[in-house]
>>> print(open('model_7.pdb').read())   # PDB, C-alpha atoms
ATOM      1  CA  MET F   1      40.034  43.657  18.800
ATOM      2  CA  ASP F   2      43.229  45.621  19.361
ATOM      3  CA  PRO F   3      44.494  46.823  15.915
ATOM      4  CA  ALA F   4      48.078  45.900  16.831
ATOM      5  CA  LEU F   5      46.992  42.350  17.651
ATOM      6  CA  ALA F   6      44.981  42.112  14.450
ATOM      7  CA  ALA F   7      47.986  43.241  12.418
ATOM      8  CA  GLN F   8      50.133  40.530  14.008
ATOM      9  CA  ARG F   9      47.739  37.736  13.014
ATOM     10  CA  SER F  10      48.248  36.417   9.521
ATOM     11  CA  GLU F  11      45.548  36.423   6.890
ATOM     12  CA  ALA F  12      44.372  32.997   5.781
ATOM     13  CA  VAL F  13      43.638  32.285   2.126
ATOM     14  CA  ALA F  14      41.904  29.413   0.372
ATOM     15  CA  GLU F  15      41.584  29.139  -3.400
ATOM     16  CA  LYS F  16      39.365  26.806  -5.397
ATOM     17  CA  ASN F  17      38.274  26.922  -9.044
ATOM     18  CA  GLY F  18      39.654  30.435  -9.509
ATOM     19  CA  VAL F  19      37.825  31.776  -6.461
ATOM     20  CA  SER F  20      39.931  33.218  -3.680
ATOM     21  CA  VAL F  21      38.522  33.358  -0.151
ATOM     22  CA  SER F  22      40.589  35.114   2.485
ATOM     23  CA  TRP F  23      39.887  36.087   6.065
ATOM     24  CA  ARG F  24      41.317  37.972   8.959
ATOM     25  CA  PRO F  25      40.043  38.991  12.383
ATOM     26  CA  SER F  26      37.203  41.498  12.197
ATOM     27  CA  MET F  27      37.526  44.905  13.792
ATOM     28  CA  GLU F  28      33.725  44.892  14.331
ATOM     29  CA  PHE F  29      33.129  41.763  16.430
ATOM     30  CA  PRO F  30      35.059  38.760  17.795
ATOM     31  CA  GLY F  31      34.897  36.808  14.529
ATOM     32  CA  ASN F  32      36.366  37.081  11.048
ATOM     33  CA  LEU F  33      35.997  39.334   8.049
ATOM     34  CA  TYR F  34      35.753  37.089   4.969
ATOM     35  CA  ARG F  35      36.552  38.299   1.462
ATOM     36  CA  GLY F  36      35.689  36.359  -1.683
ATOM     37  CA  GLU F  37      36.907  37.241  -5.148
ATOM     38  CA  GLY F  38      36.397  35.607  -8.502
ATOM     39  CA  ILE F  39      35.430  35.980 -12.133
ATOM     40  CA  VAL F  40      31.917  34.997 -13.203
ATOM     41  CA  TRP F  41      31.030  34.280 -16.828
ATOM     42  CA  GLY F  42      28.234  36.725 -17.594
ATOM     43  CA  THR F  43      27.833  40.469 -17.957
ATOM     44  CA  PRO F  44      27.624  42.525 -14.769
ATOM     45  CA  GLU F  45      23.911  43.058 -15.466
ATOM     46  CA  LYS F  46      23.258  39.311 -15.653
ATOM     47  CA  VAL F  47      25.315  38.590 -12.551
ATOM     48  CA  TRP F  48      23.632  41.439 -10.659
ATOM     49  CA  ASP F  49      20.175  40.136 -11.627
ATOM     50  CA  CYS F  50      21.046  36.911  -9.807
ATOM     51  CA  ILE F  51      22.328  38.515  -6.594
ATOM     52  CA  LYS F  52      20.572  41.858  -6.191
ATOM     53  CA  PRO F  53      18.711  42.157  -2.886
ATOM     54  CA  VAL F  54      15.093  42.468  -4.028
ATOM     55  CA  ALA F  55      11.910  40.732  -2.931
ATOM     56  CA  GLY F  56      10.958  38.019  -5.407
ATOM     57  CA  GLY F  57      14.465  38.091  -6.903
ATOM     58  CA  LEU F  58      16.469  35.139  -8.136
ATOM     59  CA  ARG F  59      18.750  34.765  -5.121
ATOM     60  CA  ALA F  60      16.444  32.524  -3.061
ATOM     61  CA  LYS F  61      16.014  30.269  -6.123
ATOM     62  CA  TRP F  62      19.682  29.324  -6.432
ATOM     63  CA  ASP F  63      21.621  30.302  -3.284
ATOM     64  CA  GLU F  64      21.600  27.301  -0.937
ATOM     65  CA  ASN F  65      22.203  29.679   1.992
ATOM     66  CA  VAL F  66      19.088  31.800   1.362
ATOM     67  CA  ALA F  67      15.711  30.264   2.226
ATOM     68  CA  CYS F  68      13.811  33.537   1.771
ATOM     69  CA  PHE F  69      14.405  37.232   1.326
ATOM     70  CA  GLU F  70      11.885  39.960   2.052
ATOM     71  CA  ILE F  71      11.824  43.740   2.133
ATOM     72  CA  LEU F  72      10.440  45.027   5.443
ATOM     73  CA  GLU F  73      10.602  48.705   4.518
ATOM     74  CA  SER F  74      11.746  50.692   1.486
ATOM     75  CA  MET F  75      13.036  54.158   2.273
ATOM     76  CA  THR F  76      14.078  54.950  -1.331
ATOM     77  CA  ASP F  77      14.613  52.907  -4.484
ATOM     78  CA  THR F  78      18.190  52.194  -3.278
ATOM     79  CA  LEU F  79      17.799  51.983   0.527
ATOM     80  CA  SER F  80      15.728  49.392   2.358
ATOM     81  CA  VAL F  81      15.468  47.190   5.425
ATOM     82  CA  SER F  82      15.429  43.489   4.613
ATOM     83  CA  ARG F  83      15.073  40.141   6.326
ATOM     84  CA  THR F  84      17.018  37.159   5.049
ATOM     85  CA  ALA F  85      16.323  33.670   6.391
ATOM     86  CA  THR F  86      18.806  30.842   5.990
ATOM     87  CA  PRO F  87      18.251  27.096   6.218
ATOM     88  CA  SER F  88      20.193  24.851   8.549
ATOM     89  CA  ALA F  89      23.747  24.238   7.372
ATOM     90  CA  ALA F  90      26.893  22.210   8.033
ATOM     91  CA  MET F  91      25.022  18.928   8.483
ATOM     92  CA  ARG F  92      22.511  20.770  10.695
ATOM     93  CA  LEU F  93      25.176  21.877  13.167
ATOM     94  CA  ILE F  94      24.046  25.399  12.267
ATOM     95  CA  SER F  95      20.297  25.801  12.767
ATOM     96  CA  PRO F  96      18.196  28.207  10.646
ATOM     97  CA  ARG F  97      19.139  31.864  11.076
ATOM     98  CA  ASP F  98      17.560  35.146  10.132
ATOM     99  CA  PHE F  99      19.184  38.524   9.587
ATOM    100  CA  VAL F 100      17.649  42.003   9.517
ATOM    101  CA  ASP F 101      19.764  44.520   7.609
ATOM    102  CA  LEU F 102      19.807  48.040   6.275
ATOM    103  CA  VAL F 103      20.748  47.574   2.604
ATOM    104  CA  LEU F 104      22.068  50.157   0.155
ATOM    105  CA  VAL F 105      22.362  49.332  -3.551
ATOM    106  CA  LYS F 106      24.219  51.444  -6.069
ATOM    107  CA  ASN F 107      24.647  51.434  -9.851
ATOM    108  CA  TYR F 108      27.802  53.090 -11.172
ATOM    109  CA  GLU F 109      28.360  54.897 -14.470
ATOM    110  CA  ASP F 110      30.966  52.339 -15.554
ATOM    111  CA  GLY F 111      28.419  49.497 -15.374
ATOM    112  CA  ALA F 112      29.356  48.291 -11.889
ATOM    113  CA  PHE F 113      26.837  47.433  -9.160
ATOM    114  CA  SER F 114      27.192  47.171  -5.403
ATOM    115  CA  SER F 115      25.195  46.344  -2.332
ATOM    116  CA  SER F 116      26.215  47.152   1.214
ATOM    117  CA  ALA F 117      24.463  46.020   4.367
ATOM    118  CA  SER F 118      24.657  46.104   8.139
ATOM    119  CA  ASN F 119      22.374  44.772  10.861
ATOM    120  CA  VAL F 120      19.574  46.849  12.328
ATOM    121  CA  GLU F 121      16.611  46.271  14.588
ATOM    122  CA  HIS F 122      13.193  46.851  13.045
ATOM    123  CA  PRO F 123       9.747  46.850  14.684
ATOM    124  CA  LEU F 124       8.272  44.796  11.817
ATOM    125  CA  CYS F 125      10.688  41.960  12.507
ATOM    126  CA  PRO F 126      10.869  40.757  16.093
ATOM    127  CA  LEU F 127      12.595  37.457  16.857
ATOM    128  CA  LYS F 128      10.838  34.602  15.076
ATOM    129  CA  PRO F 129      10.312  31.071  16.429
ATOM    130  CA  GLY F 130      12.531  28.498  14.760
ATOM    131  CA  TYR F 131      15.284  30.999  13.900
ATOM    132  CA  VAL F 132      18.380  32.210  15.695
ATOM    133  CA  ARG F 133      18.912  35.915  15.022
ATOM    134  CA  GLY F 134      22.276  36.518  13.395
ATOM    135  CA  PHE F 135      23.981  39.841  12.814
ATOM    136  CA  ASN F 136      25.684  41.043   9.657
ATOM    137  CA  HIS F 137      28.346  43.589  10.469
ATOM    138  CA  PRO F 138      29.230  45.856   7.507
ATOM    139  CA  CYS F 139      29.280  43.582   4.458
ATOM    140  CA  GLY F 140      28.460  43.601   0.775
ATOM    141  CA  CYS F 141      29.359  42.767  -2.777
ATOM    142  CA  PHE F 142      30.744  44.599  -5.774
ATOM    143  CA  CYS F 143      30.170  43.519  -9.402
ATOM    144  CA  GLU F 144      32.312  45.246 -11.977
ATOM    145  CA  PRO F 145      32.925  44.800 -15.683
ATOM    146  CA  LEU F 146      36.141  43.013 -16.549
ATOM    147  CA  PRO F 147      38.110  45.405 -18.794
ATOM    148  CA  GLY F 148      38.207  44.144 -22.373
ATOM    149  CA  GLU F 149      35.947  41.160 -21.567
ATOM    150  CA  PRO F 150      32.308  42.321 -21.623
ATOM    151  CA  SER F 151      30.938  38.813 -21.037
ATOM    152  CA  ARG F 152      32.783  38.360 -17.729
ATOM    153  CA  THR F 153      32.320  40.013 -14.333
ATOM    154  CA  HIS F 154      34.751  40.575 -11.483
ATOM    155  CA  LEU F 155      32.845  39.901  -8.241
ATOM    156  CA  VAL F 156      34.158  40.762  -4.777
ATOM    157  CA  THR F 157      32.156  39.839  -1.667
ATOM    158  CA  PHE F 158      32.702  40.740   1.987
ATOM    159  CA  PHE F 159      31.042  39.091   4.974
ATOM    160  CA  GLN F 160      31.525  39.550   8.692
ATOM    161  CA  THR F 161      28.620  37.680  10.114
ATOM    162  CA  ASP F 162      27.922  36.830  13.724
ATOM    163  CA  LEU F 163      25.769  33.717  13.391
ATOM    164  CA  GLY F 164      24.477  34.117  16.940
ATOM    165  CA  GLY F 165      23.712  31.205  19.217
ATOM    166  CA  TYR F 166      26.350  29.014  20.800
ATOM    167  CA  LEU F 167      28.324  27.648  17.890
ATOM    168  CA  PRO F 168      31.871  26.405  18.404
ATOM    169  CA  GLN F 169      34.254  28.746  16.592
ATOM    170  CA  ALA F 170      35.710  25.767  14.691
ATOM    171  CA  VAL F 171      32.294  25.139  13.086
ATOM    172  CA  VAL F 172      32.016  28.775  11.987
ATOM    173  CA  ASP F 173      35.625  28.860  10.738
ATOM    174  CA  SER F 174      35.128  25.761   8.583
ATOM    175  CA  PHE F 175      31.694  26.812   7.286
ATOM    176  CA  PHE F 176      32.348  30.277   5.842
ATOM    177  CA  PRO F 177      35.242  29.628   3.420
ATOM    178  CA  ARG F 178      33.525  26.539   1.975
ATOM    179  CA  SER F 179      30.190  28.352   1.814
ATOM    180  CA  MET F 180      31.682  31.344   0.002
ATOM    181  CA  ALA F 181      33.440  29.160  -2.578
ATOM    182  CA  GLY F 182      30.141  27.341  -3.108
ATOM    183  CA  PHE F 183      28.375  30.695  -3.544
ATOM    184  CA  TYR F 184      30.541  31.521  -6.568
ATOM    185  CA  ALA F 185      30.066  28.074  -8.136
ATOM    186  CA  ASN F 186      26.290  28.203  -7.627
ATOM    187  CA  LEU F 187      26.120  31.791  -8.881
ATOM    188  CA  GLN F 188      27.881  30.755 -12.098
ATOM    189  CA  LYS F 189      25.281  28.024 -12.632
ATOM    190  CA  ALA F 190      22.451  30.475 -11.885
ATOM    191  CA  VAL F 191      23.740  33.045 -14.384
ATOM    192  CA  GLN F 192      23.771  30.333 -17.061
ATOM    193  CA  ARG F 193      20.375  28.957 -16.042
ATOM    194  CA  PHE F 194      18.405  32.169 -15.560
ATOM    195  CA  GLN F 195      20.133  34.530 -17.957
ATOM    196  CA  ASP F 196      20.842  32.544 -21.126
TER     197      ASP F 196
END
>>> encode(input="model_7.pdb", output="structure tokens")
Amino acid sequence: MDPALAAQRSEAVAEKNGVSVSWRPSMEFPGNLYRGEGIVWGTPEKVWDCIKPVAGGLRAKWDENVACFEILESMTDTLSVSRTATPSAAMRLISPRDFVDLVLVKNYEDGAFSSSASNVEHPLCPLKPGYVRGFNHPCGCFCEPLPGEPSRTHLVTFFQTDLGGYLPQAVVDSFFPRSMAGFYANLQKAVQRFQD
């Protein structure tokens, strides 16, 4: 998209239960870049345990948008190629998807954690029957300690996902903000359930 055109378009914002979800046209593909931001009750370590991209992790147990997560190849202890499968969504208007990404995780000296990802092709993961291959353009999340409040975490998430297939843009535009707000609410429940 032309940067001048993108600058002319206004950013949309939705807020619910202290979670802000905003979006603007992506510079990577003809869709949107979505940004979520909120405070989660729990230390950064507890929040990170619920969202970190590891095989056998907690994410598939609580995130309604993750049916399974697997590591296809580990290059280092912080860099890997993963496959994430999602169930159908939006009253089955969105059929199951899968995503193959290069994922980088990082722990910071101040107690923050981050994961960054972008789509890749991998020989161990050809197209699979029953799934539409989606593509994550550069995306990720950042968990950081809330200054002066060690039992709370500031969480920022970024998604610019091409769901693939032939979905009407209106379906995609209504799905992502609601899904991201739900992510924060479900994450809060997971931190309480799995970490207390």
>>> resolve_selection(input="model_7.pdb", expression="the PyMOL selection byres ((chain F and resi 88) around 12)", output="list in words")
Glu64, Asn65, Val66, Ala67, Ala85, Thr86, Pro87, Ala89, Ala90, Met91, Arg92, Leu93, Ile94, Ser95, Pro96, Arg97, Asp98, Gly130, Tyr131, Val132, Leu163 and Phe175 of chain F
>>> resolve_selection(input="model_7.pdb", expression="the PyMOL selection byres ((chain F and resi 188) around 10)", output="mmCIF file with C-alpha atoms, in the frame of the given file")
data_model
loop_
_atom_site.group_PDB
_atom_site.id
_atom_site.type_symbol
_atom_site.label_atom_id
_atom_site.label_comp_id
_atom_site.auth_asym_id
_atom_site.auth_seq_id
_atom_site.Cartn_x
_atom_site.Cartn_y
_atom_site.Cartn_z
ATOM 1 C CA ILE F 39 35.430 35.980 -12.133
ATOM 2 C CA VAL F 40 31.917 34.997 -13.203
ATOM 3 C CA TRP F 41 31.030 34.280 -16.828
ATOM 4 C CA GLY F 42 28.234 36.725 -17.594
ATOM 5 C CA VAL F 47 25.315 38.590 -12.551
ATOM 6 C CA CYS F 50 21.046 36.911 -9.807
ATOM 7 C CA GLY F 182 30.141 27.341 -3.108
ATOM 8 C CA PHE F 183 28.375 30.695 -3.544
ATOM 9 C CA TYR F 184 30.541 31.521 -6.568
ATOM 10 C CA ALA F 185 30.066 28.074 -8.136
ATOM 11 C CA ASN F 186 26.290 28.203 -7.627
ATOM 12 C CA LEU F 187 26.120 31.791 -8.881
ATOM 13 C CA LYS F 189 25.281 28.024 -12.632
ATOM 14 C CA ALA F 190 22.451 30.475 -11.885
ATOM 15 C CA VAL F 191 23.740 33.045 -14.384
ATOM 16 C CA GLN F 192 23.771 30.333 -17.061
ATOM 17 C CA ARG F 193 20.375 28.957 -16.042
#
>>> closest_residue(input="model_7.pdb", among="F:Lys128, F:His154, F:Lys61, F:His137", to="Phe29 of chain F", atoms="only C-alpha atoms")
F:His137
>>> atom_distance(input="model_7.pdb", atom1="atom CA of Pro25 of chain F", atom2="atom CA of Cys141 of chain F")
18.9 Å
>>> atom_distance(input="model_7.pdb", atom1="atom CA of Gly111 of chain F", atom2="atom CA of Glu149 of chain F")
12.8 Å
>>> closest_residue(input="model_7.pdb", among="F:Gly36, F:Gly140, F:Gly31, F:Gly18", to="Asp162 of chain F", atoms="only C-alpha atoms")
F:Gly31
>>> residues_around(input="model_7.pdb", residues="Leu155 of chain F", least_positions_apart="6", cutoff="7 Å", atoms="all atoms listed in the file", output="number ranges by chain")
F: 37-39, 142-144
>>> atom_distance(input="model_7.pdb", atom1="atom CA of Ser22 of chain F", atom2="atom CA of Thr84 of chain F")
23.8 Å
>>> closest_residue(input="model_7.pdb", among="F:Phe194, F:Glu70, F:Arg133, F:Pro145", to="Tyr166 of chain F", atoms="only C-alpha atoms")
F:Arg133
>>> residues_around(input="model_7.pdb", residues="segment 78-80 of chain F", least_positions_apart="4", cutoff="7 Å", atoms="only C-alpha atoms", output="PyMOL selection string")
chain F and resi 71+73-74+102-106
>>> closest_residue(input="model_7.pdb", among="F:Trp62, F:Phe159, F:Tyr108, F:Phe176", to="Glu45 of chain F", atoms="all atoms listed in the file")
F:Tyr108
>>> closest_residue(input="model_7.pdb", among="F:Leu72, F:Leu33, F:Ala55, F:Leu167", to="Cys125 of chain F", atoms="all atoms listed in the file")
F:Leu72
>>> closest_residue(input="model_7.pdb", among="F:Pro129, F:Gly165, F:Thr43, F:Pro53", to="Ser116 of chain F", atoms="only C-alpha atoms")
F:Pro53
>>> resolve_selection(input="model_7.pdb", expression="the PyMOL selection byres ((chain F and resi 122) around 9)", output="list in words")
Leu72, Val81, Val100, Asp101, Val120, Glu121, Pro123, Leu124, Cys125 and Pro126 of chain F
>>> build_atoms(input="model_7.pdb", residues="segment 162-173 of chain F", atoms="N, CA and C atoms", output="PDB file, in the frame of the given file")
ATOM      1  N   ASP F 162      28.037  37.490  12.430  1.00  0.00           N
ATOM      2  CA  ASP F 162      27.922  36.830  13.724  1.00  0.00           C
ATOM      3  C   ASP F 162      26.686  35.946  13.618  1.00  0.00           C
ATOM      4  N   LEU F 163      26.885  34.638  13.570  1.00  0.00           N
ATOM      5  CA  LEU F 163      25.769  33.717  13.391  1.00  0.00           C
ATOM      6  C   LEU F 163      24.871  33.613  14.616  1.00  0.00           C
ATOM      7  N   GLY F 164      25.285  34.186  15.735  1.00  0.00           N
ATOM      8  CA  GLY F 164      24.477  34.117  16.940  1.00  0.00           C
ATOM      9  C   GLY F 164      24.440  32.698  17.494  1.00  0.00           C
ATOM     10  N   GLY F 165      23.793  32.521  18.607  1.00  0.00           N
ATOM     11  CA  GLY F 165      23.712  31.205  19.217  1.00  0.00           C
ATOM     12  C   GLY F 165      25.029  30.802  19.867  1.00  0.00           C
ATOM     13  N   TYR F 166      25.184  29.532  20.080  1.00  0.00           N
ATOM     14  CA  TYR F 166      26.350  29.014  20.800  1.00  0.00           C
ATOM     15  C   TYR F 166      27.123  28.033  19.937  1.00  0.00           C
ATOM     16  N   LEU F 167      27.579  28.513  18.803  1.00  0.00           N
ATOM     17  CA  LEU F 167      28.324  27.648  17.890  1.00  0.00           C
ATOM     18  C   LEU F 167      29.800  27.620  18.256  1.00  0.00           C
ATOM     19  N   PRO F 168      30.422  26.451  18.219  1.00  0.00           N
ATOM     20  CA  PRO F 168      31.871  26.405  18.404  1.00  0.00           C
ATOM     21  C   PRO F 168      32.550  27.173  17.268  1.00  0.00           C
ATOM     22  N   GLN F 169      33.570  27.940  17.597  1.00  0.00           N
ATOM     23  CA  GLN F 169      34.254  28.746  16.592  1.00  0.00           C
ATOM     24  C   GLN F 169      34.789  27.879  15.454  1.00  0.00           C
ATOM     25  N   ALA F 170      35.193  26.657  15.736  1.00  0.00           N
ATOM     26  CA  ALA F 170      35.710  25.767  14.691  1.00  0.00           C
ATOM     27  C   ALA F 170      34.643  25.476  13.631  1.00  0.00           C
ATOM     28  N   VAL F 171      33.377  25.374  14.039  1.00  0.00           N
ATOM     29  CA  VAL F 171      32.294  25.139  13.086  1.00  0.00           C
ATOM     30  C   VAL F 171      32.140  26.349  12.183  1.00  0.00           C
ATOM     31  N   VAL F 172      32.138  27.535  12.759  1.00  0.00           N
ATOM     32  CA  VAL F 172      32.016  28.775  11.987  1.00  0.00           C
ATOM     33  C   VAL F 172      33.198  28.921  11.037  1.00  0.00           C
ATOM     34  N   ASP F 173      34.414  28.685  11.542  1.00  0.00           N
ATOM     35  CA  ASP F 173      35.625  28.860  10.738  1.00  0.00           C
ATOM     36  C   ASP F 173      35.682  27.891   9.560  1.00  0.00           C
TER      37      ASP F 173
END
